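The structure under discussion appears below in the form of structure tokens.
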Amino acid sequence: MPKVQEKMPEETAISLKNRTDKHVAQQQNVPQLITRPKIQRKNCWKAKENNDMIDTVARGWHCAPIFIISRINDDGNEEEEVLEDDVFDGAHKIEAVMNFINDKYPLEKLHRTSPLKEFEGKKFSQLPILWRNKILNYKFYINIIDEETANDKDSLKILWERLNKSGKPLNDYELALPVISELANNVLKPSLELFYNSEIFQKGESTRGQAEKILQIILATAEGSVQDSHMREFNSKKDLINRWQKVALGDKISEINEKTLANSEKWLGILKKASIYMNYLKEANCFVNDTGKNILESAHRGTELVFLLARGVHHFPQAADFSRISYDVAKHMKIKYFSTIVRDEKGRNGGLQRRLLKDIDADLALFAAQKEPRSFPKAIIKQKMTEQNSMCALCKEAILENQSHRGDHIVPWSLGGPTTPENCQVTHAKCNLAKGNRA
């Protein structure tokens, strides 16, 4: 059973403000207060909301409790454990008061009944001492979230949703933030720049997790088999993300954070490779028609293209391998998937999405099975020797009959160069070795 907090403690505004300073908190031997931990969104209060909060304080009205999660942060220093109180809900209220105390904004447009009405235009330091003391000593109710709730993702999401029902309704991504904050901050956000203003996400900024949801779909479908349960049974993209999070991250907050830390580099690599493959396909004219007009619809961007990039990363671990077949893949995908919007009798629901994922995976598996030989056939080497008049393409000296020679990729194999006559030149063996993988 969760531990019940018998009496909700109170704390003054000045005490909370002081605790935001790490050194002051350590001197006072109290937890440092973090008003904007990773789970929090950016402060979005405008002047009116800030002034309304100061008016509430001046009137002596109690506001809703501040919800806090207490935890230990080693701060990257094994010798020093730092106690922290992370604000789970109520950050805007605390920051409104602290910023006013710090003279960050003046009083303005107060209600005619406000006891501070006569001080409009003034900042905190300009108020009479009586009012300054009242604001400094305003008491917030503090609700410490019990450890069991704080470490259970479902309970934490329920609490987050209920606390935020009074404001703008939260979407799926925002509701999940308390649980996946490490994933969002260590994997998703650092990868956003790779996809801004691209074929998959046309905006230059992600609002309310729009792009982050797309990146999670890539991660959810880039690893394993399409027969894995989360890819085989999902009934919507929201459900796909939820199922993947359960499989990849687990249930407990501590487990989720551990698995995120362990897999961050791998997931960052997957997203980076997906962006590279998207650019290969763009260069191969996968997303435009013969006149250069863009043919991608929004439905393509969120489903077919996402699945193509994810399963492309799965079937082609080496970027050079995907580069070699990117033109063939682009041509096939454009004809089969991007020239029209695929629908079934029920529209583009979970059933169709599962079928598209399975079909795209099967198509890419066939391309991956077409292993292109790395060595040039003797016939091509002989033909090139004739064209080059038996001269080395690199040092420009004669290749004698008793000298070892090679068929060399003009665009190196390791950089995606194909094993075709057009990409072949004959060189001395030693010249080929000296060239390495340079074009």
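Letters A, B, ... go to the chains of the structure tokens in the order shown; residues in each chain start at 1; ligands are counted from 1 in the same order.
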Considering only C-alpha atoms, return as a PyMOL selection string whatever protein or nucleic-acid residues lie within 9 Å of Cys431 of chain A, sequence-local ones (same chain, fewer than 6 positions apart) excluded.
chain A and resi 392+394-395+405
May I have the selected residues written with C-alpha atoms, as a PDB file, in the first residue's frame?
ATOM      1  CA  CYS A 392      47.555   2.382 -64.250  1.00  0.00           C
ATOM      2  CA  LEU A 394      46.382   6.113 -60.482  1.00  0.00           C
ATOM      3  CA  CYS A 395      50.120   6.476 -61.158  1.00  0.00           C
ATOM      4  CA  HIS A 405      47.076  -5.412 -60.736  1.00  0.00           C
TER       5      HIS A 405
END
Could you pull the residues within 7 Å of segment 139-152 of chain A, counting only C-alpha atoms, minus those fewer than 3 positions along the same chain, as a list in words?
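Non-adjacent residues within range: Pro2, Lys3, Met8, Pro9, Glu10, Glu11, Thr12, Ala13, Pro65, Ile66, Phe67, Ile68, Ile69, Ser155, Leu156, Asp251, Lys252, Ile253 and Ser254 of chain A.
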Create the file for the chosen residues now, containing N, CA and C atoms and written as a compact mmCIF listing (two decimals), in the first residue's frame.
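The resulting result.txt:
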# COMPACT_ATOMS: atom_id res chain seq x y z
N PRO A 2 0.50 2.26 -0.83
CA PRO A 2 1.26 3.51 -0.83
C PRO A 2 1.19 4.17 0.55
N LYS A 3 2.26 4.81 0.95
CA LYS A 3 2.29 5.49 2.23
C LYS A 3 1.45 6.76 2.17
N MET A 8 -0.12 17.53 5.36
CA MET A 8 0.62 18.16 4.28
C MET A 8 1.47 19.31 4.82
N PRO A 9 2.80 19.21 4.67
CA PRO A 9 3.68 20.26 5.20
C PRO A 9 3.52 21.57 4.42
N GLU A 10 3.96 22.65 5.03
CA GLU A 10 3.94 23.96 4.39
C GLU A 10 5.38 24.48 4.29
N GLU A 11 5.63 25.33 3.30
CA GLU A 11 6.94 25.93 3.17
C GLU A 11 6.79 27.33 2.57
N THR A 12 7.52 28.27 3.11
CA THR A 12 7.39 29.66 2.66
C THR A 12 8.05 29.87 1.31
N ALA A 13 7.63 30.92 0.64
CA ALA A 13 8.17 31.25 -0.68
C ALA A 13 9.67 31.51 -0.61
N PRO A 65 -1.79 22.47 -3.95
CA PRO A 65 -0.50 22.00 -3.43
C PRO A 65 0.57 21.85 -4.52
N ILE A 66 1.81 21.99 -4.10
CA ILE A 66 2.95 21.71 -4.96
C ILE A 66 3.30 20.24 -4.79
N PHE A 67 3.33 19.49 -5.87
CA PHE A 67 3.68 18.07 -5.80
C PHE A 67 5.17 17.90 -6.08
N ILE A 68 5.84 17.16 -5.21
CA ILE A 68 7.29 17.01 -5.28
C ILE A 68 7.69 15.54 -5.22
N ILE A 69 8.71 15.18 -6.00
CA ILE A 69 9.33 13.86 -5.92
C ILE A 69 10.72 14.04 -5.32
N SER A 155 1.02 4.59 -12.28
CA SER A 155 0.51 5.48 -11.23
C SER A 155 0.94 6.92 -11.48
N LEU A 156 2.20 7.08 -11.89
CA LEU A 156 2.73 8.43 -12.13
C LEU A 156 2.00 9.10 -13.30
N ASP A 251 8.64 -1.40 -16.73
CA ASP A 251 7.52 -0.82 -16.01
C ASP A 251 7.92 0.16 -14.90
N LYS A 252 8.97 -0.19 -14.16
CA LYS A 252 9.37 0.66 -13.05
C LYS A 252 10.23 1.83 -13.54
N ILE A 253 10.09 2.98 -12.89
CA ILE A 253 10.84 4.17 -13.30
C ILE A 253 12.34 3.91 -13.25
N SER A 254 12.79 3.25 -12.20
CA SER A 254 14.22 2.95 -12.09
C SER A 254 14.69 2.07 -13.24
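What separates atom CA of Lys331 of chain A from atom CA of Glu283 of chain A is a distance of 11.6 Å.
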Nearest to Leu305 of chain A, restricted to only C-alpha atoms and choosing among A:Cys424, A:Ala96, A:Leu130, A:Leu357, comes out as A:Leu357
Mind pulling up the distance from atom CA of Arg208 of chain A to atom CA of Asn279 of chain A?
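Going from atom CA of Asn279 of chain A over to atom CA of Arg208 of chain A covers 25.7 Å.
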In Å, how far is it from atom CA of Ala274 of chain A to atom CA of Leu261 of chain A?
20.7 Å
DSSP helix (DSSP H, G or I) residues within segment 332-395 of chain A, as a ChimeraX atom specification
/A:332-338,350-369,378-387
Residue neighbourhood segment 337-339 of chain A, 7 Å, only C-alpha atoms, exclusion window fewer than 4 positions, as a VMD selection string:
chain A and resid 295 to 296 300 333
If you count only C-alpha atoms, which residues fall within 7 Å of Ser70 of chain A, apart from same-chain ones fewer than 6 positions away, as a ChimeraX atom specification?
/A:84-86
Go ahead and write the residues just picked, N, CA and C atoms, as a short mmCIF file (atom, residue, chain, number, x, y, z; two decimals), in the first residue's frame.
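Contents of out_19.cif, as written:
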data_model
loop_
_atom_site.label_atom_id
_atom_site.label_comp_id
_atom_site.auth_asym_id
_atom_site.auth_seq_id
_atom_site.Cartn_x
_atom_site.Cartn_y
_atom_site.Cartn_z
N GLU A 84 17.67 15.95 -3.82
CA GLU A 84 16.90 16.86 -4.67
C GLU A 84 15.42 16.68 -4.44
N ASP A 85 14.70 17.76 -4.52
CA ASP A 85 13.23 17.75 -4.57
C ASP A 85 12.84 18.25 -5.95
N ASP A 86 12.37 17.34 -6.80
CA ASP A 86 11.95 17.71 -8.15
C ASP A 86 10.48 18.09 -8.13
#
